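Chemist: The structure's right below; bear with me while I get my questions together.
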Amino acid sequence: MGEQQQAKRQDRAAEVEIAISKMLRIGIVLAGLVIVLGLVMFLVTGDSGYPGDTFPTSLPEIIQGIMQLKSVAIIEAGLILLILTPVFRVFVSMFAFIHEKDYRFVLISILVLVILGLSFALGKVGA
Amino acid sequence: MTAIVIEIFLIAILAGIVGSILGLGGGIVVTPALTLLFGVDINHAIGASLISVIATSSGSAVAYIRDRITNVRVGMFLEIATTVGAITGAFLAALIAPNFLYYIFALLLLYSAYAMVKKGKEEIPVNVPQHPVAEKLGLGGEYYDKALGKNITYNVDRVYEGFGVMYGAGVVSGLLGIGSGSFKVMAMDVFMKMPLKVSTATSNFMMGVTAAASAGIYFLRGDIIPVISAPVALGVLIGATIGARIMQRLKSKTIRKLFIPIMIYIAFQMIYQGWGA
């Protein structure tokens, strides 16, 4: 590989990486703020909004809870944002690789997403 | 309640620092702390530790990727192996008694601990050939090492072996639920001969993805307790941000010195569990 070509490849790689780093920062800051909000509400009011130690685990219930400003539902929204951050990361890299015309890695990103989707659907993945 | 939340938050900061420096994701601190110190149910502790893995991964990756320590291409390429491995492991768990697998993985860990001891004072791998597949996929990289004060250019060797061990790391996480971070670091450091800092940063980067799928399942099952997981998430995010700064200023041999005893500890933990299983 020529030196010029290599330098070009590195520049393109750097663009992908900057996109991923920025996206991750947005994801964790957003998730962090929502979790702080919910947790402070919970500790100040001492009210989770749900009876005893229970909390909603389905998306419609959580959305309903957020509408009613229930502290635990807000915490859960933040946790969901946090969980989704790495998944979004793969999406962002996929688009960044498309933009950089790096089709091998577009394919790799798609493959990872498909496998993740599959393992989630099967309900079987590791820690 | 407030006191417990603050205590968990403080422990989580420590977990984030340790996890981001060693590439182990933070579960290694969070799970035992929650079960032993706070009497949290093991499933709920694993749920919280998945949150800590994701927070360590994303929190440290912001700095590691910006500073080019993480090798994003290697990470994404190897994610294929770990995700497929995780599914395999989960299915295997239903089919076979994992006893002897615990022993095999424990031996593999002890072997790589030995390989790491042998590397001893080596700061940066030298005379590493670029594997043809690494050449084709553009896997080699370069980063600025803040401890050494210079740019490090590195090659990536033995891609097939690394891919195989990564698959093993996935199987371990799906089957045993512990120690997958140490296998990821091992695959890159020992087999692919990448610099240790790149290996731990890339291991952290990769871990978030697999953990996200698991966390989704735990969440729907109700095993991610919001009031426990919230301080874990916040503490780990802060810890990982701090850890990502500390790690860059540490010498590789210092990181290795911290890493080896932890590998041996995980190996014995596996042998112990294999014994009981």
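Chain labels A, B, ... are given in the sequence in which chains occur in the structure tokens; within each chain residues are numbered consecutively from 1, and ligands are likewise numbered from 1 in the order shown.
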When you get a sec, could you note down which chain B residues fall within 8 Å of chain A, using only C-alpha atoms, as number ranges by chain?

Modeler: B: 1-2, 46, 50-51, 54-55, 58-59, 61-63, 65-66, 68, 72-73, 76-77, 79-80, 83-84, 86-87, 89-91, 137, 170-178, 180, 208-217, 219-222, 226-227, 229-230, 233-234, 237

Chemist: Would you list, as a PyMOL selection string, the residues of chain A that end up in helix (DSSP H, G or I) under DSSP run on this structure's backbone?

Modeler: chain A and resi 3-45+59-67+71-99+103-122

Chemist: For a test of reading the model, state the distance in Å between atom CA of Pro261 of chain B and atom CA of Lys121 of chain B, rounded to one decimal.

Modeler: 15.9 Å

Chemist: Atom CA of Ile260 of chain B to atom CA of Ala134 of chain B: how many Å, to one decimal?

Modeler: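 Between atom CA of Ile260 of chain B and atom CA of Ala134 of chain B the gap works out to 27.3 Å.
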
Chemist: Please identify all polymer residues within 10 Å of Ile6 of chain B, counting only C-alpha atoms, omitting same-chain residues fewer than 5 positions from it, and present them as JSON, numbers by chain.

Modeler: {"B": [1, 11, 12, 231, 232, 235]}

Chemist: Could you give me the residues within segment 28-184 of chain B that DSSP places in strand (DSSP E or B), as a count of residues only?

Modeler: 10

Chemist: How many Å separate atom CA of Val159 of chain B from atom CA of Glu123 of chain B?

Modeler: 21.4 Å
